[in-house]
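Q: Please find one structure pasted underneath; my questions will follow.
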Amino acid sequence: MAEVNLILVGVNHKTTPVEIREKLAFTKGKIEESVDRLFNFPDIIEHTILSTCNRVEIYARANCQDSAIKAIKQFICDFHEVSPVELEDHFYSYRNEEAVEHLFRVSSSLDSMILGEAQILGQVKDAYSLAKDLRSTGLVLNQLFEKAFSIAKKVREETGIAERSVSISSAAVELAQKIFDDLENRTVMLVGTGEMAELAAKHLISYGVKTVYVTSRTYDRAANLARTLNGSALDFEAFKNELHRADIVITSTSASNFIIKKEMVEKAIHERKNKPIFFIDIAVPRDIEPDINDLENIYLYDIDDLHVVVSANMKEREKEADNAMNLISQEVTKFNNWVGTLDAVPTIVEIRKKAENIRMQEIEKTLKKISYLSEDDKKLLHQMSSSIVSKILHKPTIKLKQKTQSEDGHVYLKAIRHLFHLDD
Amino acid sequence: MANITFNSTLIIYLIAALGYTLYLVYRTPLVKSISFFSLELGLLSHTVAICLRSMETGHGPYTTGFEITSFFAWVIVIIFFITEWKYKIKDLGAFIIPVVFLIFLYSAFQSREYSLIDESSTMFWLTMHRTLSIIGYAAFAIGFGAAVMYLIQENQVKNKKLGVMYFRMPSLEVLDNLNYKVIAIGFPLFTIGFMTGSIWNVKTDESLFSWDVLRTWPLIVVWLIYCGIFFGRLLVGWRGKKAAQGAILGFITIIVSYFFHVV
């Protein structure tokens, strides 16, 4: 392998509006169709297509970067029947370390619309496993993607990139978990049938909340939502007496006054023997008297509080992204070093240099002893020794070049360097 | 030999205490392993030290002030490991191990003279009194750590200031439960310890009313506090912040009562 040329061509949510991105998407079938077409370009040795709703990227190893980048751009335009002029400003392309770093950032969710979201890693894994099934990847891309997955895992574990919730309903779930720990078998009560409240309730249910009560001024609405959430509807006048049953109360009515007052909550908490209640007031104007937060074992968050939590969390994720970038830079360097070991040429040059040095030393030693030789004889001796060295090294050189193309190429290189003492 | 082992234990506990506290801020696997392994090593050398001394003195580690405080620290570490294993609360150590270190440091400054072996028939009651009370106190020490964590976490959730600790600390429910459980275990032990102490007192002085007021009253206060927390929760539902404040007050009272009762 003369040189490892990695390239990446793509568009993403930052460079390209959705109207164009959707035209460029590769479904599974389209990717299958693309494999041979991409291999028709003689410069492309390995490739993987990553297509999600936020990005379309083609990673490849090529003989010549310039022509491969051009070929891939051309291919994308032709395949999706889009004019190259329309796309030219949207495409980005990266080479070698930059391409490696980009994939590491993408799989670690640093390039995502919502920093740290978990979906992208699964999508990259799917793209890679499809490419592997279609045999479009080889030694370098295999290693690149495997590395990208382990780095993504490391970033998730060692930085707080995915630690904090960045949506209102997930922040509410997180708070509930910090109050109650396990949400299994908890009871949630929805007062009002607002969309956000429904969303938050669904989120809570997905975390194991078992019992759902819904109440609304219009009973039918409550009954409808209760049916969707597999819960039961309560009469609006009656819910105040049932408040003590709820661990989590979400309000979203359009009432202009507070409908949950301090006395009601005091009564409920007493009936519950001080077991905590978490109130989430999504309504504007608010439904719950803010003073209830002063009561012991009562926690109240309104929509603004939740917004503050979410934006603070977002900022934290951004800070964590810097830590993640440090990790990634280290790994890019490591990957580059690995790529370096694939290159047979420097090793061959070193072996030849070493052999040449030995030959010269031995020739000089010999010539000192037989000083009576003529210049022509000396020349002959030189020629003979050179040809011995060349002939001995010829076959191993050819074999080494071939072997470094294979999966275990770096093992051969390592062995050769060891046997010839090249790293001493 | 026992002395050398005690002294090295002190240094190892210091490393563990610093490690666990540091782990609150620097969450790296290295800090975590250093604190965990140094605490394990500390417990091991502490155990060896206690065994060596018991072999020299010929009785268990609960006769002199030095022995009692060192044994107290030892039991806290054991209960801490059990709690860690069961609840996996990462930061509990930061609130317990420094306390262990301070108690052990205090013991290190006490006289290491041996006391005579008392072969009298009342020895059984005294041993029961001291061992059970110390185990009870150690459980209360864990409750103290959980209660401090509860108050920190509660303050964050209540005041909507969700700092780093909010994400790292466990839920209020877990901390409140732990506080309750250790008190539910510690309180009966302490009560039996208290009763066996009284029996010992009666047997030696042959009178129930000859108690040394200054020595006995602090223990009664401690008992009343934990009795209040325990039954307050069962009967009236005192939980959360109240229970946590109670556990902290109770533990501080234990430390104060020590100076009246043992010293």
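Order determines the names: the first chain of the structure tokens is A, the second B, and so forth; residues in each chain are numbered 1 upward, and ligands are numbered 1 upward as they are shown.
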Which residues of chain B come within 9 Å of chain A, and for each one, what is the closest pair of atoms and their distance in Å to one decimal, counting only C-alpha atoms, sorted by chain and residue number, as JSON lines?
A:
```
{"residue": "B:Arg27", "atom": "CA", "partner": "A:Glu158", "partner_atom": "CA", "distance": 8.8}
{"residue": "B:Thr28", "atom": "CA", "partner": "A:Glu158", "partner_atom": "CA", "distance": 8.1}
{"residue": "B:Gln153", "atom": "CA", "partner": "A:Lys178", "partner_atom": "CA", "distance": 8.5}
{"residue": "B:Glu154", "atom": "CA", "partner": "A:Ile179", "partner_atom": "CA", "distance": 8.5}
{"residue": "B:Val157", "atom": "CA", "partner": "A:Tyr299", "partner_atom": "CA", "distance": 7.4}
{"residue": "B:Lys158", "atom": "CA", "partner": "A:Tyr299", "partner_atom": "CA", "distance": 6.0}
{"residue": "B:Asn159", "atom": "CA", "partner": "A:Asn293", "partner_atom": "CA", "distance": 8.8}
{"residue": "B:Lys160", "atom": "CA", "partner": "A:Asp305", "partner_atom": "CA", "distance": 7.3}
{"residue": "B:Lys161", "atom": "CA", "partner": "A:Val309", "partner_atom": "CA", "distance": 8.4}
{"residue": "B:Leu162", "atom": "CA", "partner": "A:Val309", "partner_atom": "CA", "distance": 7.3}
{"residue": "B:Tyr166", "atom": "CA", "partner": "A:Lys178", "partner_atom": "CA", "distance": 8.0}
{"residue": "B:Phe167", "atom": "CA", "partner": "A:Arg164", "partner_atom": "CA", "distance": 7.8}
{"residue": "B:Met169", "atom": "CA", "partner": "A:Lys178", "partner_atom": "CA", "distance": 8.5}
{"residue": "B:Pro170", "atom": "CA", "partner": "A:Lys178", "partner_atom": "CA", "distance": 6.7}
{"residue": "B:Ser171", "atom": "CA", "partner": "A:Lys178", "partner_atom": "CA", "distance": 4.0}
{"residue": "B:Leu172", "atom": "CA", "partner": "A:Ile179", "partner_atom": "CA", "distance": 5.0}
{"residue": "B:Glu173", "atom": "CA", "partner": "A:Phe180", "partner_atom": "CA", "distance": 5.1}
{"residue": "B:Val174", "atom": "CA", "partner": "A:Asp181", "partner_atom": "CA", "distance": 6.7}
{"residue": "B:Arg233", "atom": "CA", "partner": "A:Lys273", "partner_atom": "CA", "distance": 9.0}
{"residue": "B:Leu235", "atom": "CA", "partner": "A:Lys273", "partner_atom": "CA", "distance": 8.9}
{"residue": "B:Val236", "atom": "CA", "partner": "A:Lys273", "partner_atom": "CA", "distance": 6.7}
{"residue": "B:Gly237", "atom": "CA", "partner": "A:Lys273", "partner_atom": "CA", "distance": 4.8}
{"residue": "B:Trp238", "atom": "CA", "partner": "A:Asn274", "partner_atom": "CA", "distance": 7.0}
{"residue": "B:Arg239", "atom": "CA", "partner": "A:Asn274", "partner_atom": "CA", "distance": 6.9}
{"residue": "B:Gly240", "atom": "CA", "partner": "A:Asn297", "partner_atom": "CA", "distance": 6.8}
{"residue": "B:Lys241", "atom": "CA", "partner": "A:Glu296", "partner_atom": "CA", "distance": 7.4}
{"residue": "B:Lys242", "atom": "CA", "partner": "A:Glu296", "partner_atom": "CA", "distance": 8.7}
```
Q: So which residues touch B:His129 within 7 Å, counting only C-alpha atoms, skipping near sequence neighbours fewer than 3 positions away, as a PyMOL selection string?
A: chain B and resi 125-126+132-133+193-194+196-197
Q: Using the selection just defined, write its residues with N, CA and C atoms as a CSV table (one decimal), in the first residue's frame.
A:
```csv
chain,number,residue,atom,x,y,z
B,125,TRP,N,-22.1,-8.4,80.3
B,125,TRP,CA,-23.0,-7.3,80.0
B,125,TRP,C,-22.3,-6.1,79.5
B,126,LEU,N,-21.1,-5.8,80.0
B,126,LEU,CA,-20.4,-4.7,79.6
B,126,LEU,C,-20.0,-4.8,78.1
B,132,LEU,N,-22.8,-3.7,71.0
B,132,LEU,CA,-24.0,-3.4,70.3
B,132,LEU,C,-24.2,-1.9,70.1
B,133,SER,N,-23.8,-1.1,71.2
B,133,SER,CA,-23.9,0.4,71.0
B,133,SER,C,-23.1,0.9,69.9
B,193,GLY,N,-28.2,-2.3,73.4
B,193,GLY,CA,-26.9,-1.9,74.0
B,193,GLY,C,-27.2,-1.0,75.3
B,194,PHE,N,-28.1,-0.2,75.2
B,194,PHE,CA,-28.4,0.7,76.3
B,194,PHE,C,-28.9,-0.1,77.5
B,196,THR,N,-28.5,-3.4,78.1
B,196,THR,CA,-27.4,-4.2,78.6
B,196,THR,C,-26.5,-3.4,79.5
B,197,GLY,N,-26.3,-2.1,79.1
B,197,GLY,CA,-25.4,-1.2,79.9
B,197,GLY,C,-26.1,-1.0,81.2
```
Q: Which is closer to B:Tyr62 than all the others in B:Met128, B:Val202, B:Leu41, B:Leu151, using only C-alpha atoms?
A: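 Of all the options, B:Met128 lies closest to B:Tyr62.
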Q: Using only C-alpha atoms, which residues sit within 9 Å of A:Val191 once same-chain residues fewer than 3 positions away are excluded, as a ChimeraX atom specification?
A: /A:194,197,213-217,222,236,239,249-253
Q: Kindly export the residues of the current selection with N, CA and C atoms, as an mmCIF file, in the first residue's frame.
A:
```cif
data_model
loop_
_atom_site.group_PDB
_atom_site.id
_atom_site.type_symbol
_atom_site.label_atom_id
_atom_site.label_comp_id
_atom_site.auth_asym_id
_atom_site.auth_seq_id
_atom_site.Cartn_x
_atom_site.Cartn_y
_atom_site.Cartn_z
ATOM 1 N N GLY A 194 -53.609 19.600 27.852
ATOM 2 C CA GLY A 194 -52.675 20.251 26.912
ATOM 3 C C GLY A 194 -51.721 19.255 26.265
ATOM 4 N N ALA A 197 -48.522 18.491 28.177
ATOM 5 C CA ALA A 197 -48.783 17.645 29.331
ATOM 6 C C ALA A 197 -48.910 16.197 28.880
ATOM 7 N N TYR A 213 -54.334 9.316 35.904
ATOM 8 C CA TYR A 213 -55.650 9.939 36.038
ATOM 9 C C TYR A 213 -55.668 11.187 35.173
ATOM 10 N N VAL A 214 -56.781 11.423 34.484
ATOM 11 C CA VAL A 214 -56.891 12.639 33.678
ATOM 12 C C VAL A 214 -58.153 13.375 34.099
ATOM 13 N N THR A 215 -58.020 14.676 34.296
ATOM 14 C CA THR A 215 -59.217 15.448 34.578
ATOM 15 C C THR A 215 -59.190 16.718 33.744
ATOM 16 N N SER A 216 -60.380 17.179 33.382
ATOM 17 C CA SER A 216 -60.472 18.387 32.570
ATOM 18 C C SER A 216 -61.857 18.974 32.799
ATOM 19 N N ARG A 217 -61.980 20.288 32.553
ATOM 20 C CA ARG A 217 -63.306 20.897 32.715
ATOM 21 C C ARG A 217 -64.329 20.214 31.809
ATOM 22 N N ALA A 222 -61.174 14.717 28.835
ATOM 23 C CA ALA A 222 -60.415 13.944 29.816
ATOM 24 C C ALA A 222 -60.546 12.462 29.510
ATOM 25 N N PHE A 236 -63.932 16.850 37.137
ATOM 26 C CA PHE A 236 -63.108 18.018 37.470
ATOM 27 C C PHE A 236 -63.369 18.521 38.889
ATOM 28 N N PHE A 239 -61.475 15.963 41.455
ATOM 29 C CA PHE A 239 -60.034 15.653 41.449
ATOM 30 C C PHE A 239 -59.310 16.203 42.680
ATOM 31 N N VAL A 249 -48.094 15.459 39.458
ATOM 32 C CA VAL A 249 -49.280 16.150 38.951
ATOM 33 C C VAL A 249 -48.822 17.092 37.844
ATOM 34 N N ILE A 250 -49.438 16.967 36.669
ATOM 35 C CA ILE A 250 -49.076 17.863 35.558
ATOM 36 C C ILE A 250 -50.302 18.701 35.205
ATOM 37 N N THR A 251 -50.167 20.018 35.286
ATOM 38 C CA THR A 251 -51.325 20.857 34.986
ATOM 39 C C THR A 251 -51.105 21.603 33.684
ATOM 40 N N SER A 252 -52.187 21.718 32.906
ATOM 41 C CA SER A 252 -52.076 22.429 31.614
ATOM 42 C C SER A 252 -53.437 22.984 31.203
ATOM 43 N N THR A 253 -54.177 23.525 32.160
ATOM 44 C CA THR A 253 -55.498 24.038 31.793
ATOM 45 C C THR A 253 -55.371 25.480 31.295
#
```
Q: Let me make sure I understand: among B:Ile254, B:Met55, B:Leu219, B:Leu175, which one has the smallest atom-to-atom distance to B:Phe72 if we use only C-alpha atoms?
A: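 Checking each of B:Ile254, B:Met55, B:Leu219, B:Leu175 against B:Phe72, counting only C-alpha atoms, the winner is B:Ile254.
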Q: Using only C-alpha atoms, find the one residue out of B:Trp217, B:Phe6, B:Tyr106, B:Phe251 that sits nearest to B:Ile142.
A: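 Using only C-alpha atoms, B:Ile142 sits closest to B:Phe251.
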Q: For stretch 322-329 of chain A, work out the shell of residues within 12 Å, counting only C-alpha atoms and skipping chain neighbours fewer than 2 positions away, then give it as a ChimeraX atom specification.
A: /A:97-98,100-111,115-116,147-162,315-320,331-336
Q: Could those residues be written to a file, using N, CA and C atoms, as a tab-separated table (two decimals), in the first residue's frame?
A:
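result14.tsv written:
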```
chain	number	residue	atom	x	y	z
A	97	GLU	N	-6.70	12.92	8.09
A	97	GLU	CA	-7.03	13.18	9.50
A	97	GLU	C	-8.36	13.89	9.67
A	98	GLU	N	-8.64	14.82	8.75
A	98	GLU	CA	-9.89	15.59	8.88
A	98	GLU	C	-11.11	14.69	8.68
A	100	VAL	N	-11.13	11.46	9.28
A	100	VAL	CA	-11.17	10.60	10.47
A	100	VAL	C	-11.84	11.35	11.62
A	101	GLU	N	-11.39	12.57	11.84
A	101	GLU	CA	-11.94	13.37	12.93
A	101	GLU	C	-13.44	13.60	12.73
A	102	HIS	N	-13.82	13.83	11.48
A	102	HIS	CA	-15.24	14.09	11.23
A	102	HIS	C	-16.09	12.88	11.60
A	103	LEU	N	-15.65	11.69	11.19
A	103	LEU	CA	-16.44	10.50	11.52
A	103	LEU	C	-16.49	10.30	13.04
A	104	PHE	N	-15.39	10.53	13.71
A	104	PHE	CA	-15.36	10.37	15.17
A	104	PHE	C	-16.33	11.36	15.82
A	105	ARG	N	-16.37	12.56	15.27
A	105	ARG	CA	-17.29	13.57	15.82
A	105	ARG	C	-18.75	13.19	15.56
A	106	VAL	N	-18.99	12.70	14.34
A	106	VAL	CA	-20.36	12.34	13.98
A	106	VAL	C	-20.86	11.21	14.88
A	107	SER	N	-20.05	10.14	15.00
A	107	SER	CA	-20.54	8.98	15.76
A	107	SER	C	-20.64	9.31	17.25
A	108	SER	N	-19.83	10.26	17.72
A	108	SER	CA	-19.92	10.66	19.13
A	108	SER	C	-20.99	11.71	19.35
A	109	SER	N	-21.73	12.01	18.31
A	109	SER	CA	-22.86	12.94	18.38
A	109	SER	C	-22.44	14.38	18.68
A	110	LEU	N	-21.24	14.75	18.22
A	110	LEU	CA	-20.80	16.14	18.40
A	110	LEU	C	-21.20	16.98	17.20
A	111	ASP	N	-21.63	16.28	16.13
A	111	ASP	CA	-21.99	17.02	14.92
A	111	ASP	C	-23.51	17.00	14.76
A	115	LEU	N	-26.86	18.20	20.40
A	115	LEU	CA	-25.59	17.68	20.87
A	115	LEU	C	-25.79	16.50	21.83
A	116	GLY	N	-25.10	15.40	21.54
A	116	GLY	CA	-25.14	14.28	22.49
A	116	GLY	C	-26.32	13.35	22.32
A	147	LYS	N	-13.23	1.78	15.31
A	147	LYS	CA	-12.63	2.76	16.21
A	147	LYS	C	-13.66	3.85	16.57
A	148	ALA	N	-14.40	4.28	15.55
A	148	ALA	CA	-15.39	5.34	15.78
A	148	ALA	C	-16.42	4.90	16.82
A	149	PHE	N	-16.80	3.61	16.78
A	149	PHE	CA	-17.79	3.12	17.74
A	149	PHE	C	-17.21	3.11	19.16
A	150	SER	N	-15.98	2.65	19.26
A	150	SER	CA	-15.42	2.57	20.62
A	150	SER	C	-15.19	3.97	21.18
A	151	ILE	N	-14.84	4.93	20.30
A	151	ILE	CA	-14.65	6.30	20.78
A	151	ILE	C	-15.98	6.90	21.21
A	152	ALA	N	-17.03	6.62	20.42
A	152	ALA	CA	-18.34	7.17	20.77
A	152	ALA	C	-18.75	6.66	22.16
A	153	LYS	N	-18.44	5.39	22.41
A	153	LYS	CA	-18.79	4.80	23.71
A	153	LYS	C	-17.99	5.49	24.81
A	154	LYS	N	-16.71	5.68	24.52
A	154	LYS	CA	-15.83	6.31	25.49
A	154	LYS	C	-16.29	7.75	25.80
A	155	VAL	N	-16.65	8.47	24.74
A	155	VAL	CA	-17.11	9.86	24.91
A	155	VAL	C	-18.36	9.88	25.78
A	156	ARG	N	-19.26	8.95	25.52
A	156	ARG	CA	-20.50	8.89	26.30
A	156	ARG	C	-20.22	8.58	27.76
A	157	GLU	N	-19.24	7.69	27.97
A	157	GLU	CA	-18.96	7.27	29.35
A	157	GLU	C	-18.11	8.27	30.11
A	158	GLU	N	-17.17	8.87	29.41
A	158	GLU	CA	-16.19	9.68	30.14
A	158	GLU	C	-16.48	11.18	30.12
A	159	THR	N	-17.40	11.61	29.28
A	159	THR	CA	-17.78	13.02	29.34
A	159	THR	C	-19.28	13.08	29.64
A	160	GLY	N	-19.75	14.27	29.97
A	160	GLY	CA	-21.17	14.40	30.31
A	160	GLY	C	-22.01	14.80	29.11
A	161	ILE	N	-21.52	14.44	27.91
A	161	ILE	CA	-22.18	14.92	26.69
A	161	ILE	C	-23.66	14.51	26.62
A	162	ALA	N	-23.96	13.32	27.17
A	162	ALA	CA	-25.34	12.86	27.05
A	162	ALA	C	-26.02	12.81	28.41
A	315	LYS	N	-26.09	24.14	27.80
A	315	LYS	CA	-24.79	24.80	27.95
A	315	LYS	C	-23.76	23.82	28.50
A	316	GLU	N	-24.19	23.00	29.47
A	316	GLU	CA	-23.28	22.00	30.04
A	316	GLU	C	-22.82	21.02	28.96
A	317	ARG	N	-23.76	20.62	28.11
A	317	ARG	CA	-23.38	19.70	27.04
A	317	ARG	C	-22.34	20.34	26.13
A	318	GLU	N	-22.51	21.64	25.87
A	318	GLU	CA	-21.53	22.32	25.02
A	318	GLU	C	-20.15	22.30	25.66
A	319	LYS	N	-20.14	22.53	26.99
A	319	LYS	CA	-18.85	22.48	27.70
A	319	LYS	C	-18.24	21.08	27.58
A	320	GLU	N	-19.11	20.09	27.75
A	320	GLU	CA	-18.63	18.71	27.69
A	320	GLU	C	-18.11	18.37	26.29
A	331	GLU	N	-7.47	10.30	19.80
A	331	GLU	CA	-7.77	9.08	19.06
A	331	GLU	C	-7.45	9.23	17.58
A	332	VAL	N	-7.62	10.46	17.07
A	332	VAL	CA	-7.27	10.70	15.66
A	332	VAL	C	-5.77	10.45	15.47
A	333	THR	N	-4.98	10.96	16.41
A	333	THR	CA	-3.53	10.75	16.32
A	333	THR	C	-3.21	9.25	16.35
A	334	LYS	N	-3.86	8.55	17.27
A	334	LYS	CA	-3.62	7.10	17.37
A	334	LYS	C	-3.98	6.40	16.06
A	335	PHE	N	-5.11	6.81	15.48
A	335	PHE	CA	-5.55	6.18	14.24
A	335	PHE	C	-4.54	6.45	13.12
A	336	ASN	N	-4.05	7.68	13.09
A	336	ASN	CA	-3.05	8.03	12.09
A	336	ASN	C	-1.79	7.20	12.23
```
Q: Find, counting only C-alpha atoms, the residue in B:Val182, B:Ala139, B:Ile79, B:Ala2 that gets nearest to B:Ser54.
A: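 For B:Ser54, the nearest of the candidates is B:Ala2.
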Q: Skip stretch 68-79 of chain A itself and residues of its chain fewer than 3 positions away, then list as a list in words all residues within 8 Å of it, counting only C-alpha atoms.
A: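 Contacts, with the query itself left out: Ile7, Leu8, Val9, Leu24, Leu38, Phe41, Asp43, Ile44, Ile58, Ala62, Asn63, Cys64, Gln65, Val82, Ser83, Pro84, Leu87, Phe91 and Ser93 of chain A.
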Q: Write the residues of the preceding selection, restricted to N, CA and C atoms, as a JSON list (two decimals), in the first residue's frame.
A:
```json
[["chain", "number", "residue", "atom", "x", "y", "z"],
["A", 7, "ILE", "N", -10.99, 9.72, 2.28],
["A", 7, "ILE", "CA", -11.74, 10.93, 1.93],
["A", 7, "ILE", "C", -13.18, 10.81, 2.41],
["A", 8, "LEU", "N", -13.81, 11.94, 2.48],
["A", 8, "LEU", "CA", -15.22, 11.98, 2.86],
["A", 8, "LEU", "C", -15.87, 13.09, 2.06],
["A", 9, "VAL", "N", -17.02, 12.77, 1.47],
["A", 9, "VAL", "CA", -17.79, 13.79, 0.77],
["A", 9, "VAL", "C", -19.20, 13.75, 1.33],
["A", 24, "LEU", "N", -31.39, 13.69, -1.52],
["A", 24, "LEU", "CA", -30.12, 12.97, -1.61],
["A", 24, "LEU", "C", -30.08, 11.71, -0.74],
["A", 38, "LEU", "N", -20.20, 2.73, -7.43],
["A", 38, "LEU", "CA", -19.04, 3.43, -6.86],
["A", 38, "LEU", "C", -17.74, 2.71, -7.17],
["A", 41, "PHE", "N", -15.68, 3.43, -10.30],
["A", 41, "PHE", "CA", -14.61, 4.44, -10.35],
["A", 41, "PHE", "C", -13.32, 3.77, -9.92],
["A", 43, "ASP", "N", -10.59, 4.73, -8.91],
["A", 43, "ASP", "CA", -9.83, 5.29, -7.81],
["A", 43, "ASP", "C", -10.34, 4.85, -6.44],
["A", 44, "ILE", "N", -11.58, 4.37, -6.38],
["A", 44, "ILE", "CA", -12.17, 4.05, -5.08],
["A", 44, "ILE", "C", -11.89, 2.60, -4.70],
["A", 58, "ILE", "N", -20.39, 10.03, 2.20],
["A", 58, "ILE", "CA", -19.73, 8.84, 1.67],
["A", 58, "ILE", "C", -18.27, 8.87, 2.10],
["A", 62, "ALA", "N", -9.20, 5.88, -1.28],
["A", 62, "ALA", "CA", -9.02, 6.06, -2.72],
["A", 62, "ALA", "C", -7.55, 6.04, -3.08],
["A", 63, "ASN", "N", -7.27, 5.81, -4.35],
["A", 63, "ASN", "CA", -5.89, 5.89, -4.83],
["A", 63, "ASN", "C", -5.49, 7.34, -4.98],
["A", 64, "CYS", "N", -6.41, 8.12, -5.54],
["A", 64, "CYS", "CA", -6.12, 9.54, -5.71],
["A", 64, "CYS", "C", -7.26, 10.35, -5.13],
["A", 65, "GLN", "N", -6.95, 11.21, -4.17],
["A", 65, "GLN", "CA", -8.02, 11.90, -3.46],
["A", 65, "GLN", "C", -8.82, 12.83, -4.36],
["A", 82, "VAL", "N", -29.71, 15.25, -9.57],
["A", 82, "VAL", "CA", -29.67, 16.63, -9.11],
["A", 82, "VAL", "C", -28.53, 17.31, -9.86],
["A", 83, "SER", "N", -28.73, 18.58, -10.20],
["A", 83, "SER", "CA", -27.66, 19.22, -10.97],
["A", 83, "SER", "C", -26.48, 19.56, -10.07],
["A", 84, "PRO", "N", -25.28, 19.29, -10.55],
["A", 84, "PRO", "CA", -24.08, 19.56, -9.74],
["A", 84, "PRO", "C", -23.98, 21.02, -9.34],
["A", 87, "LEU", "N", -25.75, 21.67, -6.15],
["A", 87, "LEU", "CA", -25.18, 21.08, -4.94],
["A", 87, "LEU", "C", -23.81, 21.61, -4.56],
["A", 91, "PHE", "N", -21.86, 20.83, -0.69],
["A", 91, "PHE", "CA", -20.94, 19.72, -0.40],
["A", 91, "PHE", "C", -19.78, 20.15, 0.48],
["A", 93, "SER", "N", -15.98, 18.35, 1.76],
["A", 93, "SER", "CA", -15.15, 17.15, 1.62],
["A", 93, "SER", "C", -13.94, 17.28, 2.54]]
```
